[in-house]
Amino acid sequence: MDSVDVVSPKLFEIEQQTIAPIPASERHGRPRELAAIWFGMNMTPLTVVTGALATTLFGLSLWWALVAIVVGNVIGGIGMALHAAQGPTMGVPQMIQARGQFGVRGSALIVVVAMVMFVGFFASNLVVAGDALVAVDDGTDPTLVTWVATFASLVTALCGYRLVRFVTGISAYIVGVPLVLCLLVLVARHPDTITWGAGGFSTAGFFSMTAVGAVWQLAYAPYVSDYSRYMPAESGGKGAFWGTYLGCVSSTALLFTTGAILGLSAGGDNVMVAFVDLFGGFGKVVLVAFAVAAITGNSVNAYCSMLCALTLAENTRPGWIPGVRARMVTTVVLHVVGAAIAIGASADFLANYYNFVSVLLYVLIPWSAINLVDYYLVHHGSYEVDDFYRADGGRYGRWNLPALGVYVIAILAQLPFMVTTMYTGPFAEGLGYTDIAWVVGLVVAGGLYYPFARRAAGAATASAVRSGAAR
């Protein structure tokens with residue numbers, strides 16, 4: 001096998017790649033670098049705010065909150081990391097790979113959902129970064145913070161993958177070290193502050209928080225191949241799986257637990273303010289670190305939303321591979337949109353954010369199930385990547401109507417079991433308002449997709465054999 005000279009780009013070098021497969025000469029990276037990315041990615045106030053849902057919105061005791069946090073993240077992390085393992089094999093963004101299941105045109109629906117999610121998380125990070133700095137100094141102008149944060153993210157995202165990966169990995173140290181010190185000091189000096197028995201247990205609250213943990217991990221599923229795609233193909237999916245899994249799950253569990261503790265202290269008030277009340281001056285240091293990490297790490301959301309936007313653009317002009325100029329223009333536009341959403345965000349942000357996460361859960365679960373079943377059980381990681389960029393979709397076609405039908409059916413199957421502030425399904429009441437819709441979506445999507453996909457793959461193989469014999 002011929003060796004390939006790999007060129008490692010400089011930190012501030014402008015990335016030249018967009019949505020095309022990454023050539024072997026540009027493949028670099030190790031699993032531990034992926035762990036740093038995804039550990040650092042969660043080092044934001046938004047992660048803490050989400051963890052606070054356990055003891056505020058769901059009313060769980062700290063003990064039951066911790067169990068729900070661990071169970072949800074461990075389960076959801078498996079599905080998320082299985083997506084990451086696809087990157088080194090194909091070297092393409094995750095949303096390009098969705099064409100293997102839904103067709104070149106049919107995948108556009110999934111791409112739109114992912115892009116909305118990325119922009120939503122971008123805006124959410126801006127809001128909570130502003131809240132963090134206001135908690136440090138109530139004279140801080142949140143709008144000014146939003147625009148400064150947007151500019152910092154923009155500079156990082158314009159440079160591209162290498163700088164995005166670096167600043168996100170640095171966040172693991174900027175926030176992780178002082179946060180762990182905060183928790184150690186709290187346990188050593190103020191053990192009575194951690195009231196394990198406050199709150200209680202409810203089936204609905206426990207399973208809802210478990211679902212939040214699972215969707216937090218699965219919400220990264222459309223991201224992860226965007227970063228593991230640069231890893232050498234020969235490193236295989238195992239390193240990408242464990243690097244992504246351990247980094248993302250461990251950091252989420254740590255910050256969710258911190259949020260649950262703060263939720264008890266806040267008593268329903270601003271969680272960022274509770275951080276200062278509980279940890280004092282050192283808490284302000286951590287909040288500033290949180291804000292910095294959210295500002296720099298938010299470039300991950302911007303980078304991935306850019307890839308989705310370019311994927312949609314290529315969908316209208318099959319075979320066109322966007323260049324650096326298209327990447328930069330798209331990145332600027334998405335930053336402006338995200339900042340505008342953040343500035344116009346409702347004061348009742350926590351409840352609205354939970355609704356946003358809930359909707360993500362219902363639409364992401366069926367896609368994730370279909371993608372994983374197709375990759376691991378039907379095609380076993382073997383795809384004709386060039387066909388993803390053909391006008392007719394090659395062997396995957398323009399529209400895979402059965403796959404899209406399964407996706408829609410799986411979403412509809414969740415409706416009777418949904419539990420949100422906007423809508424509660426008729427079966428949810430009988431289950432004590434326990435949200436199991438995500439489990440239903442997972443089972444229905446995977447169960448319906450597998451048999452027809454197996455038959456379609458077998459028919460395609462037989463056709464290829466006949467065509468080869470005729471030639």
# chains A, B, ... in the order shown; residues from 1 in each chain; ligands from 1

$ residues_around --residues "A:Asp277" --least-positions-apart "6" --cutoff "10 Å" --atoms "only C-alpha atoms" --output "compact mmCIF listing (two decimals) with N, CA and C atoms, in the first residue's frame"
# COMPACT_ATOMS: atom_id res chain seq x y z
N ALA A 135 -24.74 38.06 35.56
CA ALA A 135 -24.66 37.57 36.94
C ALA A 135 -23.38 38.03 37.62
N LEU A 262 -27.30 23.68 41.41
CA LEU A 262 -27.65 25.11 41.35
C LEU A 262 -29.16 25.32 41.28
N SER A 265 -30.53 25.48 44.67
CA SER A 265 -30.16 26.73 45.31
C SER A 265 -30.93 27.91 44.73
N ALA A 266 -31.18 27.85 43.42
CA ALA A 266 -31.85 28.97 42.75
C ALA A 266 -33.32 29.06 43.13
N VAL A 271 -30.37 30.67 37.19
CA VAL A 271 -29.37 29.70 37.60
C VAL A 271 -27.99 30.33 37.65
N GLY A 283 -16.95 31.78 42.04
CA GLY A 283 -18.01 31.47 41.10
C GLY A 283 -18.05 32.46 39.95
N LYS A 284 -17.72 33.72 40.24
CA LYS A 284 -17.68 34.72 39.17
C LYS A 284 -16.58 34.42 38.16

$ select_by_dssp --residues "stretch 158-405 of chain A" --states "helix (DSSP H, G or I)" --output "PyMOL selection string"
chain A and resi 158-159+161-189+191-193+203-218+221-228+233-266+271-297+299-316+324-343+349-378+385-389+394-396+401-405

$ atom_distance --atom1 "atom CA of A:Val378" --atom2 "atom CA of A:Gln17"
29.5 Å

$ residues_around --residues "A:Leu109" --least-positions-apart "5" --cutoff "12 Å" --atoms "only C-alpha atoms" --output "compact mmCIF listing (two decimals) with all heavy atoms, in the first residue's frame"
# COMPACT_ATOMS: atom_id res chain seq x y z
N MET A 95 -24.58 15.16 7.11
CA MET A 95 -25.79 15.43 6.34
C MET A 95 -25.65 15.05 4.87
O MET A 95 -26.64 14.81 4.19
CB MET A 95 -26.21 16.89 6.48
CG MET A 95 -26.73 17.25 7.87
SD MET A 95 -28.24 16.35 8.33
CE MET A 95 -27.59 15.05 9.37
N ALA A 98 -26.50 11.38 4.79
CA ALA A 98 -27.94 11.08 4.88
C ALA A 98 -28.54 10.78 3.51
O ALA A 98 -29.61 10.18 3.42
CB ALA A 98 -28.67 12.25 5.53
N ARG A 99 -27.84 11.18 2.44
CA ARG A 99 -28.33 10.87 1.10
C ARG A 99 -28.32 9.37 0.83
O ARG A 99 -29.07 8.90 -0.03
CB ARG A 99 -27.47 11.60 0.07
CG ARG A 99 -27.58 13.12 0.18
CD ARG A 99 -26.66 13.85 -0.78
NE ARG A 99 -26.87 15.29 -0.70
CZ ARG A 99 -26.24 16.18 -1.46
NH1 ARG A 99 -25.34 15.78 -2.35
NH2 ARG A 99 -26.50 17.47 -1.32
N PHE A 102 -31.97 8.59 2.31
CA PHE A 102 -33.16 9.30 1.87
C PHE A 102 -33.11 9.77 0.42
O PHE A 102 -34.09 10.31 -0.08
CB PHE A 102 -33.41 10.50 2.78
CG PHE A 102 -33.67 10.13 4.21
CD1 PHE A 102 -32.64 10.14 5.15
CD2 PHE A 102 -34.93 9.74 4.62
CE1 PHE A 102 -32.87 9.79 6.46
CE2 PHE A 102 -35.17 9.38 5.94
CZ PHE A 102 -34.14 9.40 6.87
N GLY A 103 -31.98 9.56 -0.26
CA GLY A 103 -31.83 10.05 -1.62
C GLY A 103 -31.26 11.46 -1.63
O GLY A 103 -31.29 12.16 -0.62
N VAL A 104 -30.76 11.88 -2.78
CA VAL A 104 -30.11 13.18 -2.89
C VAL A 104 -31.07 14.31 -2.55
O VAL A 104 -30.73 15.24 -1.81
CB VAL A 104 -29.52 13.36 -4.30
CG1 VAL A 104 -29.01 14.79 -4.49
CG2 VAL A 104 -28.38 12.38 -4.54
N ALA A 114 -31.66 19.73 10.79
CA ALA A 114 -30.37 19.87 11.45
C ALA A 114 -29.91 21.33 11.48
O ALA A 114 -29.39 21.80 12.50
CB ALA A 114 -29.33 19.01 10.74
N MET A 115 -30.10 22.04 10.39
CA MET A 115 -29.66 23.43 10.33
C MET A 115 -30.43 24.29 11.33
O MET A 115 -29.86 25.15 12.01
CB MET A 115 -29.81 23.99 8.92
CG MET A 115 -29.22 25.39 8.77
SD MET A 115 -29.11 25.92 7.04
CE MET A 115 -30.85 26.11 6.66
N VAL A 116 -31.73 24.07 11.44
CA VAL A 116 -32.54 24.80 12.42
C VAL A 116 -32.03 24.51 13.83
O VAL A 116 -31.93 25.42 14.68
CB VAL A 116 -34.03 24.41 12.29
CG1 VAL A 116 -34.84 24.97 13.47
CG2 VAL A 116 -34.60 24.93 10.98
N CYS A 308 -24.50 22.50 6.57
CA CYS A 308 -25.87 22.16 6.19
C CYS A 308 -26.39 23.10 5.10
O CYS A 308 -27.02 22.66 4.13
CB CYS A 308 -26.79 22.24 7.41
SG CYS A 308 -26.59 20.88 8.57
N THR A 311 -24.84 22.24 1.88
CA THR A 311 -25.41 20.98 1.40
C THR A 311 -26.74 21.22 0.71
O THR A 311 -27.03 20.64 -0.35
CB THR A 311 -25.59 19.99 2.57
OG1 THR A 311 -24.32 19.70 3.15
CG2 THR A 311 -26.22 18.69 2.10
N LEU A 312 -27.57 22.11 1.29
CA LEU A 312 -28.84 22.45 0.65
C LEU A 312 -28.61 23.17 -0.67
O LEU A 312 -29.32 22.93 -1.65
CB LEU A 312 -29.66 23.34 1.59
CG LEU A 312 -30.30 22.66 2.80
CD1 LEU A 312 -30.94 23.70 3.71
CD2 LEU A 312 -31.33 21.63 2.37
N ASN A 315 -27.71 20.85 -3.30
CA ASN A 315 -28.87 20.05 -3.68
C ASN A 315 -29.60 20.67 -4.87
O ASN A 315 -30.19 19.97 -5.69
CB ASN A 315 -29.82 19.93 -2.48
CG ASN A 315 -30.63 18.67 -2.53
OD1 ASN A 315 -31.37 18.46 -3.47
ND2 ASN A 315 -30.49 17.83 -1.51
N VAL A 363 -37.93 14.78 16.44
CA VAL A 363 -37.58 14.72 15.03
C VAL A 363 -36.22 14.07 14.78
O VAL A 363 -35.97 13.57 13.68
CB VAL A 363 -37.62 16.12 14.37
CG1 VAL A 363 -39.01 16.69 14.42
CG2 VAL A 363 -36.62 17.06 15.01
N LEU A 364 -35.35 14.07 15.79
CA LEU A 364 -34.01 13.50 15.60
C LEU A 364 -33.98 11.99 15.79
O LEU A 364 -33.22 11.29 15.13
CB LEU A 364 -33.02 14.16 16.57
CG LEU A 364 -32.48 15.51 16.17
CD1 LEU A 364 -31.60 16.08 17.28
CD2 LEU A 364 -31.68 15.42 14.88
N TRP A 367 -34.66 9.91 12.55
CA TRP A 367 -33.54 10.02 11.61
C TRP A 367 -32.34 9.22 12.10
O TRP A 367 -31.71 8.49 11.33
CB TRP A 367 -33.12 11.49 11.45
CG TRP A 367 -31.75 11.59 10.85
CD1 TRP A 367 -31.41 11.41 9.54
CD2 TRP A 367 -30.52 11.79 11.55
NE1 TRP A 367 -30.03 11.51 9.38
CE2 TRP A 367 -29.48 11.74 10.60
CE3 TRP A 367 -30.20 12.01 12.90
CZ2 TRP A 367 -28.15 11.91 10.96
CZ3 TRP A 367 -28.87 12.18 13.25
CH2 TRP A 367 -27.86 12.13 12.28
N TRP A 399 -35.02 10.52 -4.63
CA TRP A 399 -35.94 10.42 -3.50
C TRP A 399 -36.05 8.95 -3.08
O TRP A 399 -36.34 8.10 -3.91
CB TRP A 399 -37.34 10.92 -3.87
CG TRP A 399 -37.40 12.33 -4.34
CD1 TRP A 399 -37.23 12.78 -5.62
CD2 TRP A 399 -37.65 13.48 -3.55
NE1 TRP A 399 -37.37 14.14 -5.68
CE2 TRP A 399 -37.63 14.61 -4.41
CE3 TRP A 399 -37.90 13.69 -2.19
CZ2 TRP A 399 -37.85 15.90 -3.96
CZ3 TRP A 399 -38.12 14.98 -1.74
CH2 TRP A 399 -38.09 16.06 -2.61
N ASN A 400 -35.84 8.67 -1.83
CA ASN A 400 -36.11 7.33 -1.31
C ASN A 400 -37.42 7.43 -0.54
O ASN A 400 -37.44 7.66 0.68
CB ASN A 400 -34.98 6.84 -0.41
CG ASN A 400 -35.14 5.38 -0.02
OD1 ASN A 400 -36.23 4.82 -0.10
ND2 ASN A 400 -34.05 4.77 0.41
N ALA A 403 -38.09 5.34 2.71
CA ALA A 403 -37.37 5.82 3.89
C ALA A 403 -38.03 7.08 4.45
O ALA A 403 -38.19 7.24 5.67
CB ALA A 403 -35.91 6.11 3.54
N LEU A 404 -38.43 7.99 3.56
CA LEU A 404 -39.12 9.19 4.01
C LEU A 404 -40.46 8.85 4.65
O LEU A 404 -40.87 9.48 5.63
CB LEU A 404 -39.32 10.14 2.83
CG LEU A 404 -38.05 10.81 2.29
CD1 LEU A 404 -38.34 11.48 0.94
CD2 LEU A 404 -37.53 11.84 3.28
N TYR A 407 -39.83 7.64 8.10
CA TYR A 407 -39.48 8.79 8.95
C TYR A 407 -40.75 9.51 9.42
O TYR A 407 -40.90 9.82 10.61
CB TYR A 407 -38.57 9.73 8.17
CG TYR A 407 -38.16 10.98 8.92
CD1 TYR A 407 -37.26 10.91 9.97
CD2 TYR A 407 -38.67 12.22 8.56
CE1 TYR A 407 -36.87 12.05 10.65
CE2 TYR A 407 -38.29 13.37 9.24
CZ TYR A 407 -37.39 13.28 10.28
OH TYR A 407 -37.02 14.41 10.96
N VAL A 408 -41.66 9.79 8.49
CA VAL A 408 -42.90 10.49 8.83
C VAL A 408 -43.76 9.63 9.76
O VAL A 408 -44.32 10.13 10.75
CB VAL A 408 -43.68 10.86 7.55
CG1 VAL A 408 -45.05 11.42 7.90
CG2 VAL A 408 -42.89 11.87 6.73

$ residues_around --residues "A:Tyr303" --least-positions-apart "3" --cutoff "8 Å" --atoms "only C-alpha atoms" --output "NGL selection string"
:A and (157 or 160-161 or 299-300 or 306-307 or 331)

$ residues_around --residues "stretch 170-177 of chain A" --least-positions-apart "4" --cutoff "9 Å" --atoms "only C-alpha atoms" --output "PyMOL selection string"
chain A and resi 36-44+165-166+181-182+251+286-287+289-290+292-294+296-297

$ residues_around --residues "A:Ser382" --least-positions-apart "6" --cutoff "12 Å" --atoms "only C-alpha atoms" --output "VMD selection string"
chain A and resid 86 89 to 90 97 100 374 to 376 457

$ residues_around --residues "A:Gly59" --least-positions-apart "6" --cutoff "10 Å" --atoms "only C-alpha atoms" --output "PyMOL selection string"
chain A and resi 52-53+65+198-202+205-206+263-264

$ closest_atom_pairs --of "stretch 204-289 of chain A" --to "stretch 436-451 of chain A" --cutoff "9 Å" --atoms "only C-alpha atoms" --output "tab-separated table"
residue	atom	partner	partner_atom	distance
A:Phe207	CA	A:Ile436	CA	7.6
A:Ser208	CA	A:Ile436	CA	8.3
A:Ala211	CA	A:Trp438	CA	7.5
A:Val215	CA	A:Trp438	CA	8.8

$ write_last_selection --atoms "N, CA and C atoms" --output "PDB file, in the first residue's frame"
ATOM      1  N   PHE A 207     -38.266  10.224  33.960  1.00  0.00           N
ATOM      2  CA  PHE A 207     -38.111   9.831  32.557  1.00  0.00           C
ATOM      3  C   PHE A 207     -37.971  11.046  31.639  1.00  0.00           C
ATOM      4  N   SER A 208     -38.559  12.170  32.037  1.00  0.00           N
ATOM      5  CA  SER A 208     -38.384  13.380  31.239  1.00  0.00           C
ATOM      6  C   SER A 208     -36.936  13.853  31.290  1.00  0.00           C
ATOM      7  N   ALA A 211     -34.843  11.609  29.257  1.00  0.00           N
ATOM      8  CA  ALA A 211     -35.003  11.948  27.842  1.00  0.00           C
ATOM      9  C   ALA A 211     -34.188  13.182  27.470  1.00  0.00           C
ATOM     10  N   VAL A 215     -31.450  13.204  24.549  1.00  0.00           N
ATOM     11  CA  VAL A 215     -31.531  14.083  23.375  1.00  0.00           C
ATOM     12  C   VAL A 215     -30.362  15.048  23.331  1.00  0.00           C
TER      13      VAL A 215
END

$ closest_residue --among "A:Ala219, A:Ala233, A:Val74, A:Leu186" --to "A:Gly29" --atoms "only C-alpha atoms"
A:Ala233

$ closest_residue --among "A:Val419, A:Ala345, A:Val92, A:Leu246" --to "A:Tyr227" --atoms "only C-alpha atoms"
A:Val92

$ closest_residue --among "A:Tyr223, A:Phe151, A:Phe58, A:Tyr245" --to "A:Gly76" --atoms "only C-alpha atoms"
A:Tyr245

$ atom_distance --atom1 "atom CA of A:Gly397" --atom2 "atom CA of A:Trp320"
17.3 Å

$ closest_residue --among "A:Ser61, A:Thr203, A:Thr47, A:Thr244" --to "A:Pro31" --atoms "only C-alpha atoms"
A:Thr244
